[in-house]
Each structure stands twice: as C-alpha cells, then as structure tokens.
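Have a look at protein06.tsv; it's TSV, C-alpha atoms:
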chain	number	residue	atom	x	y	z
A	203	MET	CA	62.66	66.20	118.22
A	204	TYR	CA	60.40	68.08	115.77
A	205	GLU	CA	56.82	67.56	114.68
A	206	GLU	CA	56.46	68.86	111.14
A	207	ARG	CA	52.80	69.86	111.06
A	208	SER	CA	52.45	71.53	114.45
A	209	GLY	CA	55.98	72.91	114.59
A	210	GLN	CA	56.36	71.71	118.18
A	211	SER	CA	59.78	70.63	119.39
A	212	GLU	CA	61.31	68.84	122.36
A	213	THR	CA	64.95	69.03	123.39
A	214	VAL	CA	66.59	65.98	124.95
A	215	GLU	CA	69.89	66.69	126.74
A	216	CYS	CA	72.46	63.89	126.66
A	217	GLY	CA	74.90	64.88	129.37
A	218	LEU	CA	76.53	61.55	130.20
A	219	GLU	CA	78.84	60.29	127.47
A	220	GLU	CA	78.30	56.62	128.23
A	221	GLU	CA	74.52	57.07	128.04
A	222	ALA	CA	74.32	59.63	125.23
A	223	CYS	CA	74.56	57.27	122.27
A	224	ARG	CA	72.06	54.80	123.75
A	225	LEU	CA	69.61	57.60	124.53
A	226	VAL	CA	69.92	59.09	121.02
A	227	LEU	CA	69.24	55.76	119.36
A	228	GLN	CA	66.29	55.16	121.66
A	229	GLN	CA	64.75	58.50	120.69
A	230	LEU	CA	65.35	57.91	116.99
A	231	ARG	CA	63.69	54.52	117.09
A	232	GLY	CA	60.66	56.05	118.80
A	233	LEU	CA	59.95	58.63	116.11
A	234	GLY	CA	56.36	58.71	114.91
A	235	ASP	CA	54.83	59.78	111.60
A	236	GLY	CA	55.60	63.37	110.67
A	237	GLU	CA	58.43	63.59	113.18
A	238	PHE	CA	62.18	63.97	112.72
A	239	ALA	CA	65.14	64.44	115.01
A	240	TRP	CA	68.16	66.71	115.01
A	241	VAL	CA	71.22	65.21	116.72
A	242	ARG	CA	73.93	67.75	117.57
A	243	LEU	CA	77.45	66.59	118.40
A	244	ILE	CA	80.45	68.69	119.43
A	245	ASP	CA	83.93	67.22	118.78
A	246	PRO	CA	82.71	63.62	119.18
A	247	ALA	CA	85.03	60.68	119.68
A	248	GLU	CA	85.48	58.42	116.67
A	249	ALA	CA	84.09	55.37	118.49
A	250	GLU	CA	80.94	57.24	119.50
A	251	LEU	CA	80.34	58.53	115.99
A	252	MET	CA	81.00	55.12	114.43
A	253	HIS	CA	78.41	53.55	116.72
A	254	LEU	CA	75.82	56.10	115.62
A	255	ALA	CA	76.86	55.67	111.99
A	256	LYS	CA	76.06	51.98	112.01
A	257	GLU	CA	72.53	52.64	113.25
A	258	LEU	CA	71.95	55.61	110.92
A	259	GLY	CA	73.45	54.00	107.85
A	260	LEU	CA	76.24	56.53	107.38
A	261	HIS	CA	79.07	55.71	105.02
A	262	PRO	CA	82.46	55.12	106.72
A	263	LEU	CA	84.09	57.72	104.47
A	264	ALA	CA	81.58	60.33	105.58
A	265	VAL	CA	82.25	59.47	109.21
A	266	GLU	CA	85.99	59.77	108.61
A	267	ASP	CA	85.48	63.26	107.14
A	268	ALA	CA	83.40	64.28	110.16
A	269	VAL	CA	86.03	63.11	112.65
A	270	GLN	CA	89.09	64.55	110.90
A	271	ALA	CA	87.52	67.99	110.39
A	272	GLN	CA	89.92	69.00	107.61
A	273	GLN	CA	87.52	69.15	104.68
A	274	ARG	CA	86.75	71.78	102.11
A	275	PRO	CA	83.06	72.67	101.74
A	276	LYS	CA	81.50	69.91	99.66
A	277	ARG	CA	78.29	68.01	99.02
A	278	GLU	CA	78.04	64.22	98.71
A	279	ARG	CA	75.24	61.70	98.78
A	280	PHE	CA	75.54	58.23	100.28
A	281	GLY	CA	72.34	56.38	99.48
A	282	ASP	CA	69.46	58.29	101.06
A	283	VAL	CA	71.81	60.38	103.25
A	284	LEU	CA	73.01	63.78	102.11
A	285	ALA	CA	76.38	64.84	103.60
A	286	ILE	CA	77.51	68.47	103.48
A	287	ALA	CA	80.75	69.89	104.89
A	288	LEU	CA	80.79	73.58	105.84
A	289	LYS	CA	83.37	76.01	107.16
A	290	THR	CA	82.25	78.12	110.09
A	291	LEU	CA	83.94	81.49	110.26
A	292	TRP	CA	84.19	84.45	112.61
A	293	TYR	CA	86.38	87.55	112.95
A	294	VAL	CA	88.43	88.19	116.11
A	295	ASP	CA	88.77	91.95	116.57
A	296	ALA	CA	91.56	91.79	119.15
A	297	GLU	CA	93.82	89.77	116.84
A	298	ALA	CA	92.50	91.14	113.53
A	299	ALA	CA	92.24	87.53	112.40
A	300	VAL	CA	89.67	85.30	110.72
A	301	GLU	CA	89.14	82.06	112.64
A	302	THR	CA	87.51	79.01	111.09
A	303	GLY	CA	85.88	75.83	112.27
A	304	GLU	CA	84.03	73.03	110.55
A	305	LEU	CA	80.51	71.65	110.53
A	306	MET	CA	79.37	68.39	108.97
A	307	VAL	CA	75.66	68.03	108.28
A	308	PHE	CA	74.10	64.63	107.54
A	309	VAL	CA	70.51	64.80	106.32
A	310	GLY	CA	68.61	61.52	106.39
A	311	PRO	CA	64.95	60.73	105.72
A	312	ARG	CA	63.91	61.36	109.32
A	313	TYR	CA	66.92	62.83	111.05
A	314	VAL	CA	69.67	65.43	110.81
A	315	LEU	CA	73.08	64.87	112.38
A	316	THR	CA	75.44	67.83	112.83
A	317	VAL	CA	79.07	67.42	113.94
A	318	ARG	CA	80.74	70.65	115.00
A	319	HIS	CA	84.42	71.46	115.39
A	320	GLY	CA	85.62	74.89	116.52
A	321	ALA	CA	84.38	77.67	118.77
A	322	ALA	CA	81.64	78.97	116.46
A	323	ASP	CA	78.21	77.49	117.23
A	324	PRO	CA	75.77	78.06	114.35
A	325	VAL	CA	73.43	75.25	115.40
A	326	THR	CA	72.12	77.12	118.46
A	327	GLU	CA	71.08	80.12	116.38
A	328	ALA	CA	69.71	77.81	113.67
A	329	ALA	CA	67.55	76.03	116.25
A	330	ARG	CA	66.25	79.37	117.51
A	331	ARG	CA	65.26	80.40	113.98
A	332	LEU	CA	63.47	77.11	113.41
A	333	GLU	CA	61.45	77.52	116.58
A	334	ALA	CA	60.50	81.03	115.44
A	335	ASP	CA	59.28	79.75	112.05
A	336	PRO	CA	57.09	76.65	112.46
A	337	ASP	CA	56.02	76.80	108.80
A	338	MET	CA	59.59	76.07	107.77
A	339	LEU	CA	59.46	72.76	109.63
A	340	ARG	CA	57.00	71.42	107.02
A	341	CYS	CA	60.06	70.94	104.79
A	342	GLY	CA	61.21	68.22	107.16
A	343	PRO	CA	64.91	67.61	107.83
A	344	LEU	CA	65.82	69.97	104.98
A	345	SER	CA	64.51	72.82	107.14
A	346	VAL	CA	67.41	72.18	109.53
A	347	LEU	CA	69.88	72.19	106.66
A	348	HIS	CA	68.50	75.51	105.43
A	349	ALA	CA	68.63	77.05	108.91
A	350	VAL	CA	72.25	75.98	109.40
A	351	LEU	CA	73.29	77.25	105.97
A	352	ASP	CA	71.49	80.53	106.58
A	353	VAL	CA	73.26	81.11	109.90
A	354	VAL	CA	76.68	80.18	108.49
A	355	VAL	CA	76.29	82.48	105.48
A	356	ASP	CA	75.06	85.33	107.69
A	357	ALA	CA	78.20	84.87	109.78
A	358	TYR	CA	80.23	85.19	106.57
A	359	SER	CA	78.54	88.52	105.86
A	360	ASP	CA	79.25	89.83	109.37
A	361	ALA	CA	82.90	88.78	109.14
A	362	ALA	CA	83.24	90.40	105.71
A	363	ALA	CA	81.95	93.70	107.12
A	364	LYS	CA	84.52	93.59	109.93
A	365	VAL	CA	87.33	92.75	107.50
A	366	ARG	CA	86.20	95.69	105.37
A	367	ALA	CA	86.43	97.98	108.42
A	368	ALA	CA	89.93	96.67	109.21
A	369	LEU	CA	90.98	97.25	105.60
A	370	THR	CA	89.62	100.81	105.66
A	371	GLU	CA	91.61	101.53	108.82
A	372	LEU	CA	94.71	100.05	107.20
A	373	GLU	CA	94.21	102.22	104.12
A	374	ASP	CA	94.07	105.35	106.31
A	375	CYS	CA	97.35	104.32	107.94
A	376	VAL	CA	99.06	103.67	104.60
A	377	PHE	CA	98.10	107.09	103.19
A	378	SER	CA	98.79	109.02	106.39
A	379	THR	CA	101.76	111.38	106.77
A	380	SER	CA	103.60	109.00	109.12
A	381	ARG	CA	106.47	107.01	107.66
A	382	VAL	CA	105.51	103.60	109.01
A	383	ASP	CA	105.84	100.49	106.86
A	384	HIS	CA	102.53	98.54	107.05
A	385	THR	CA	103.59	95.79	104.63
A	386	GLU	CA	103.51	93.08	107.31
A	387	ALA	CA	100.03	94.11	108.45
A	388	ILE	CA	98.79	94.08	104.85
A	389	TYR	CA	100.19	90.61	104.23
A	390	SER	CA	98.65	89.39	107.49
A	391	LEU	CA	95.20	90.67	106.52
A	392	LYS	CA	95.66	89.24	103.04
A	393	ARG	CA	96.27	85.79	104.53
A	394	GLU	CA	93.05	86.13	106.52
A	395	VAL	CA	91.12	87.08	103.38
A	396	ARG	CA	92.58	84.06	101.58
A	397	GLU	CA	91.35	81.85	104.39
A	398	PHE	CA	87.99	83.59	104.06
A	399	ARG	CA	87.89	82.81	100.34
A	400	ASP	CA	88.71	79.14	101.00
A	401	ALA	CA	85.58	78.94	103.14
A	402	VAL	CA	83.22	80.95	100.93
A	403	GLN	CA	84.03	80.05	97.33
A	404	PRO	CA	83.72	76.23	97.53
A	405	LEU	CA	80.30	76.61	99.16
A	406	GLY	CA	78.89	78.15	95.98
A	407	PRO	CA	78.92	74.87	94.00
A	408	VAL	CA	77.41	73.11	97.02
A	409	LEU	CA	74.39	75.43	97.02
A	410	ARG	CA	74.08	75.27	93.24
A	411	GLY	CA	74.00	71.48	93.55
A	412	LEU	CA	71.18	71.71	96.09
A	413	LEU	CA	69.23	74.03	93.80
A	414	SER	CA	69.74	71.85	90.72
A	415	SER	CA	68.51	68.74	92.57
A	416	ALA	CA	65.32	70.43	93.78
A	417	GLY	CA	62.24	69.12	92.08
A	418	GLN	CA	63.85	65.91	90.88
A	419	ASP	CA	62.35	62.53	91.41
A	420	GLY	CA	63.71	59.89	93.68
A	421	GLN	CA	66.32	61.38	95.96
A	422	GLY	CA	65.88	64.98	94.87
A	423	HIS	CA	64.67	67.70	97.17
A	424	PRO	CA	61.04	68.90	97.10
A	425	PRO	CA	60.43	72.08	95.08
A	426	LYS	CA	59.05	73.95	98.12
A	427	VAL	CA	62.54	74.28	99.57
A	428	LEU	CA	63.86	75.91	96.40
A	429	PRO	CA	63.11	79.56	97.37
A	430	TYR	CA	64.81	79.10	100.74
A	431	PHE	CA	68.04	77.71	99.31
A	432	ARG	CA	67.96	80.28	96.51
A	433	ASP	CA	67.85	83.04	99.12
A	434	VAL	CA	70.89	81.58	100.91
A	435	ALA	CA	72.71	81.25	97.58
A	436	ASP	CA	71.99	84.90	96.83
A	437	HIS	CA	73.44	86.01	100.18
A	438	LEU	CA	76.47	83.81	99.62
A	439	GLY	CA	76.99	85.29	96.15
A	440	ARG	CA	77.05	88.81	97.58
A	441	THR	CA	79.52	87.78	100.25
A	442	ASP	CA	81.70	86.05	97.68
A	443	THR	CA	81.75	89.24	95.60
A	444	GLU	CA	82.66	91.24	98.71
A	445	VAL	CA	85.52	88.90	99.59
A	446	ARG	CA	86.90	89.07	96.04
A	447	SER	CA	86.69	92.86	96.23
A	448	LEU	CA	88.57	92.83	99.54
A	449	ASP	CA	91.32	90.70	98.04
A	450	GLU	CA	91.70	93.05	95.08
A	451	LEU	CA	91.72	96.12	97.35
A	452	LEU	CA	94.44	94.53	99.47
A	453	ASN	CA	96.54	94.09	96.34
A	454	SER	CA	96.06	97.77	95.56
A	455	VAL	CA	96.90	98.81	99.12
A	456	LEU	CA	100.01	96.64	99.03
A	457	ASP	CA	101.11	98.26	95.75
A	458	ALA	CA	100.48	101.69	97.25
A	459	GLN	CA	102.52	100.82	100.34
A	460	GLN	CA	105.43	99.60	98.22
A	461	ALA	CA	105.24	102.76	96.11
A	462	ARG	CA	105.34	104.91	99.26
A	463	VAL	CA	108.32	102.97	100.58
A	464	GLY	CA	110.08	103.57	97.26
A	465	THR	CA	109.25	107.28	97.51
A	466	TRP	CA	110.65	107.43	101.04
A	467	GLN	CA	113.85	105.77	99.86
A	468	ASN	CA	114.16	108.22	96.97
A	469	ASP	CA	113.66	111.14	99.38
A	470	ASP	CA	116.35	109.75	101.65
A	471	MET	CA	118.76	109.28	98.76
A	472	ARG	CA	118.16	112.82	97.51
A	473	ARG	CA	118.67	114.21	101.00
A	474	ILE	CA	121.91	112.26	101.45
A	475	SER	CA	123.13	113.32	98.00
A	476	ALA	CA	122.33	116.97	98.71
A	477	TRP	CA	124.27	116.97	101.98
A	478	ALA	CA	127.14	115.14	100.30
A	479	ALA	CA	127.28	117.86	97.61
A	480	ILE	CA	127.23	120.60	100.25
A	481	PHE	CA	130.11	119.06	102.18
A	482	ALA	CA	132.02	118.40	98.95
A	483	ILE	CA	132.80	122.15	98.54
A	484	PRO	CA	134.66	122.59	101.87
A	485	THR	CA	136.34	119.26	101.31
A	486	MET	CA	137.60	120.37	97.90
A	487	VAL	CA	138.94	123.75	99.10
A	488	ALA	CA	140.55	122.22	102.17
A	489	GLY	CA	142.05	119.51	99.99
A	490	VAL	CA	143.66	122.04	97.68
A	491	TYR	CA	145.26	123.98	100.52
A	492	GLY	CA	146.30	120.80	102.21
A	493	MET	CA	148.72	119.79	99.43
A	494	ASN	CA	151.65	121.52	101.25
A	495	PHE	CA	153.30	122.95	98.12
A	496	GLU	CA	155.77	125.75	98.76
A	497	HIS	CA	154.41	128.15	96.13
A	498	MET	CA	150.61	128.41	96.52
A	499	PRO	CA	148.46	131.53	96.10
A	500	GLU	CA	147.47	133.55	99.17
A	501	LEU	CA	149.64	131.53	101.56
A	502	ARG	CA	151.35	134.63	102.94
A	503	TRP	CA	148.28	136.89	102.76
A	504	SER	CA	146.82	137.71	106.19
A	505	TYR	CA	143.27	137.49	104.88
A	506	GLY	CA	143.77	134.20	102.99
A	507	TYR	CA	142.48	131.96	105.75
A	508	PRO	CA	139.27	133.95	106.37
A	509	LEU	CA	138.77	134.16	102.60
A	510	ALA	CA	138.98	130.37	102.26
A	511	LEU	CA	136.52	129.87	105.10
A	512	GLY	CA	134.19	132.46	103.62
A	513	LEU	CA	134.36	130.79	100.23
A	514	MET	CA	133.46	127.47	101.78
A	515	ALA	CA	130.53	128.97	103.69
A	516	LEU	CA	129.24	130.93	100.69
A	517	ALA	CA	129.38	127.99	98.29
A	518	SER	CA	127.80	125.64	100.84
A	519	GLY	CA	125.08	128.19	101.61
A	520	LEU	CA	124.23	128.64	97.94
A	521	LEU	CA	123.98	124.87	97.44
A	522	TYR	CA	121.83	124.51	100.57
A	523	ARG	CA	119.46	127.21	99.31
A	524	ALA	CA	119.23	125.59	95.86
A	525	PHE	CA	118.52	122.13	97.26
A	526	ARG	CA	116.02	123.57	99.72
A	527	ARG	CA	114.07	125.36	96.98
A	528	ASN	CA	113.97	122.16	94.89
A	529	GLY	CA	112.65	120.09	97.79
A	530	TRP	CA	115.73	117.95	98.28
A	531	LEU	CA	116.16	119.04	101.88
The structure given in the file should be rewritten as structure tokens.
Amino acid sequence: MYEERSGQSETVECGLEEEACRLVLQQLRGLGDGEFAWVRLIDPAEAELMHLAKELGLHPLAVEDAVQAQQRPKRERFGDVLAIALKTLWYVDAEAAVETGELMVFVGPRYVLTVRHGAADPVTEAARRLEADPDMLRCGPLSVLHAVLDVVVDAYSDAAAKVRAALTELEDCVFSTSRVDHTEAIYSLKREVREFRDAVQPLGPVLRGLLSSAGQDGQGHPPKVLPYFRDVADHLGRTDTEVRSLDELLNSVLDAQQARVGTWQNDDMRRISAWAAIFAIPTMVAGVYGMNFEHMPELRWSYGYPLALGLMALASGLLYRAFRRNGWL
C-alpha cells in the first residue's frame, strides 16, 4: 500500500491461500485518496486469479495470458487497465545457460497487479528501489511499472555481460593450440543467445509504445513519467545492440571453428599421404623382386639383398626429409 505524496508504504502479507484473496480485496476497497496498492502474486491458481480479475475489471484474455505464462513481451490495454508481459532472464554460470521466466504487469487507476512465473524475482528489488525514491511514487501506479521495467532491463544487462565473458572464454579455446572441436559448445551458447534475443527484442516496441502514449489525453500516461521510461528504453537499446553483437560474434566463432576443423583434416590427409608415399617405395621394390622370374638382375649376387634394403631405406629417408621440410610430417 503506497501513499503518493508522503512516499510511505505498508506491506500486508497474505500467507493463507484461502484468506489471501479476501484480504487483498478488503485492502483495495479501503484505499483512500492519493493511495494505490501493489498486489504481487507468484504462480497463482487460475481460480484465485479469476476471482481477483472480476473485482479488478481485468479482461479474461489478459487473465488467460497471465496463467499460461507463455507470452512474448507485449503491451495491451483493456479499458483503463494496461497489461504488459515481460520476460525475466538470468544467466546460470554452472550450466552456461540463459534461463527465462515471465512477469505480467497489470496497471490500473489505483492498483498494480504483478503475476510472476519462474525463479527470478524482480519485484522485490523493484519494491526496494521505490522505497528508496519516494519522489518517484508521485507518478502513481506507473512508478511501479517503471521500477519493474528498470530491474528487468538491468538484469538483461548483467546477463549480457556474463554471456560476453563466456563467449570470450570460448574464443580463447577455439584459437588455442589444442585440437578440440568446440562446435557443440558454440551451438549451445548460440541457442542461449537466441533465447536472450527473444526476450529483449520484443520489449523494444513495448517501451516505444509507452513513450508514444505519454502526454496524450484520456488514457495516456502523464508527461512526467516520460524521462523515466526513456531512460529504461535507452538501457534496453544498448542491451539489444550487445545481444545482436554477441550473435554475430558467435557466427564468426563458429566459422572459425569449422575452418580450423577443415585445417586439421587437411593436415591429417597430408600426413597420411606422406606416409603412404614413403611406404610405397619399399612396397614397389619388394614387389618387383617378388615376381619369382628365373632371370632377374642381381639374384645371384651376394650383395643384392643388402643393396635392395639400402635402396628402400635411402629412398624412404629422402622422401621423409622432403615431406618434413615442407611441413607434411
């Protein structure tokens, strides 16, 4: 419960499920002038959310989106209620993976309802920032929306920095002297970056829509919130650029890895060909003297056998030296 002018707040815990909805509605009905409430739900049951929706005037389609939690970031308005779907995102170092959740934010005239799915909890940090900035509360329920967006976008920036570090480490491995194929690791990180892009890129039009509606009459947002949302949009734009850069760098690293694999294969083929050429000389000489003809040169000479072996060794040695100097061995 927030008081806009003074910036004072009161937290009401709703621990019992059977009493939570009744208590929330009781608090909402008791709001005075200049007050608004922020209702925070975590993985609510459909029946519980539907009961709240009837009292708050939420559209059934918006409630369905909040329960299913499989939405792309988007912005919709149902009467005087603004509904925004967000993707929460964090990077798991142990698995080198980007994990995502979802957050639905409903902004009404005197309340904000957030429905969270996933392990990430941006609302706690957003509440802390609101309490540290009482002036922001003068924007009313939109101050909660800004705080949530700010925390979510900051989390995007932190995750992008960690993905950048993982990519740098992967680049060092690809260009190291070891002959290890990192193609699978590159594809895995590329999938994570794609998931990252699916969370970041659709949020850009959502913020642009908020900025374009600021200052309008009727259901538009007041102009005083414009600088706050513009700041969030700027941070999101930088993160979006970073994610696009990461995706392009991964393509380059993948091409480099494939080129190195091709080089390794060429080296192996040259090495095999060189050894095959070396062994071809003894095979040829032995094949000639293995024809078992009666009249063949040097058959009755006592030094013929050592001469044949010496010829094989000399020719093989010369080929080995030539291939060695040319880098084939």
Separation of CA of Asp235 (chain A) from CA of Phe308 (chain A), in Å and rounded to one decimal: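 Going from CA of Asp235 (chain A) over to CA of Phe308 (chain A), I get 20.3 Å.
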Selection as a ChimeraX atom specification: residues within 7 Å of (87.6, 85.2, 98.7), counting all atoms listed in the file: /A:395-396,398-400,402-403,442,445-446,449
Shell of 12 Å around Gly519 (chain A), only C-alpha atoms, local chain residues under 2 positions omitted, as an NGL selection string: :A and (476-477 or 479-481 or 483-484 or 512-517 or 521-526)
Nearest-residue call for Ala222 (chain A), choices A:Gly310, A:Gly236, A:Pro508, A:Pro246, using all atoms listed in the file: A:Pro246
Residues within 9 Å of (82.2, 92.8, 101.6), counting all atoms listed in the file, listed as a PyMOL selection string: chain A and resi 359-366+440-448
Coordinates-based distance that separates CA of Thr290 (chain A) from CA of Pro275 (chain A) (Å, one decimal):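 So the two atoms, CA of Pro275 (chain A) and CA of Thr290 (chain A), lie 10.0 Å apart.
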Å distance separating CA of Arg274 (chain A) from CA of Lys289 (chain A), one decimal place: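 About the pair CA of Arg274 (chain A) and CA of Lys289 (chain A): they are 7.4 Å apart.
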Residues within 7 Å of Val354 (chain A), all atoms listed in the file, excluding chain neighbours under 4 positions, as a VMD selection string: chain A and resid 290 324 350 358
Closest of A:Arg312, A:Gly506, A:Gly259, A:Val283 to Gly234 (chain A) - atom-to-atom distances counting only C-alpha atoms: A:Arg312
Shortest interatomic distance to His384 (chain A) - which of A:Arg527, A:Arg432, A:Val455, A:Val300, counting all atoms listed in the file: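 Residue with the minimum atom-to-atom distance to His384 (chain A): A:Val455.
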Nearest-residue call for Leu315 (chain A), choices A:Pro343, A:Pro407, A:Gly209, A:Gly303, using all atoms listed in the file: A:Pro343
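Counting all atoms listed in the file, the residue from A:Val408, A:Ile474, A:Ala387, A:Met498 that sits nearest to Leu456 (chain A) is A:Ala387.
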Non-local contacts of Thr385 (chain A) (12 Å; all atoms listed in the file; under 6 positions in same chain excluded) as an MDAnalysis selection string: chainID A and resid 372:373 375:376 391:392 452:463
Mind writing the picked residues with C-alpha atoms as a PDB file, in the frame of the given file?
ATOM      1  CA  LEU A 372      94.710 100.050 107.200  1.00  0.00           C
ATOM      2  CA  GLU A 373      94.210 102.220 104.120  1.00  0.00           C
ATOM      3  CA  CYS A 375      97.350 104.320 107.940  1.00  0.00           C
ATOM      4  CA  VAL A 376      99.060 103.670 104.600  1.00  0.00           C
ATOM      5  CA  LEU A 391      95.200  90.670 106.520  1.00  0.00           C
ATOM      6  CA  LYS A 392      95.660  89.240 103.040  1.00  0.00           C
ATOM      7  CA  LEU A 452      94.440  94.530  99.470  1.00  0.00           C
ATOM      8  CA  ASN A 453      96.540  94.090  96.340  1.00  0.00           C
ATOM      9  CA  SER A 454      96.060  97.770  95.560  1.00  0.00           C
ATOM     10  CA  VAL A 455      96.900  98.810  99.120  1.00  0.00           C
ATOM     11  CA  LEU A 456     100.010  96.640  99.030  1.00  0.00           C
ATOM     12  CA  ASP A 457     101.110  98.260  95.750  1.00  0.00           C
ATOM     13  CA  ALA A 458     100.480 101.690  97.250  1.00  0.00           C
ATOM     14  CA  GLN A 459     102.520 100.820 100.340  1.00  0.00           C
ATOM     15  CA  GLN A 460     105.430  99.600  98.220  1.00  0.00           C
ATOM     16  CA  ALA A 461     105.240 102.760  96.110  1.00  0.00           C
ATOM     17  CA  ARG A 462     105.340 104.910  99.260  1.00  0.00           C
ATOM     18  CA  VAL A 463     108.320 102.970 100.580  1.00  0.00           C
TER      19      VAL A 463
END
Nearest to His261 (chain A) by atom-to-atom distance, counting all atoms listed in the file, from A:Arg318, A:Lys426, A:Arg502, A:Arg279: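 Closest residue, counting all atoms listed in the file: A:Arg279.
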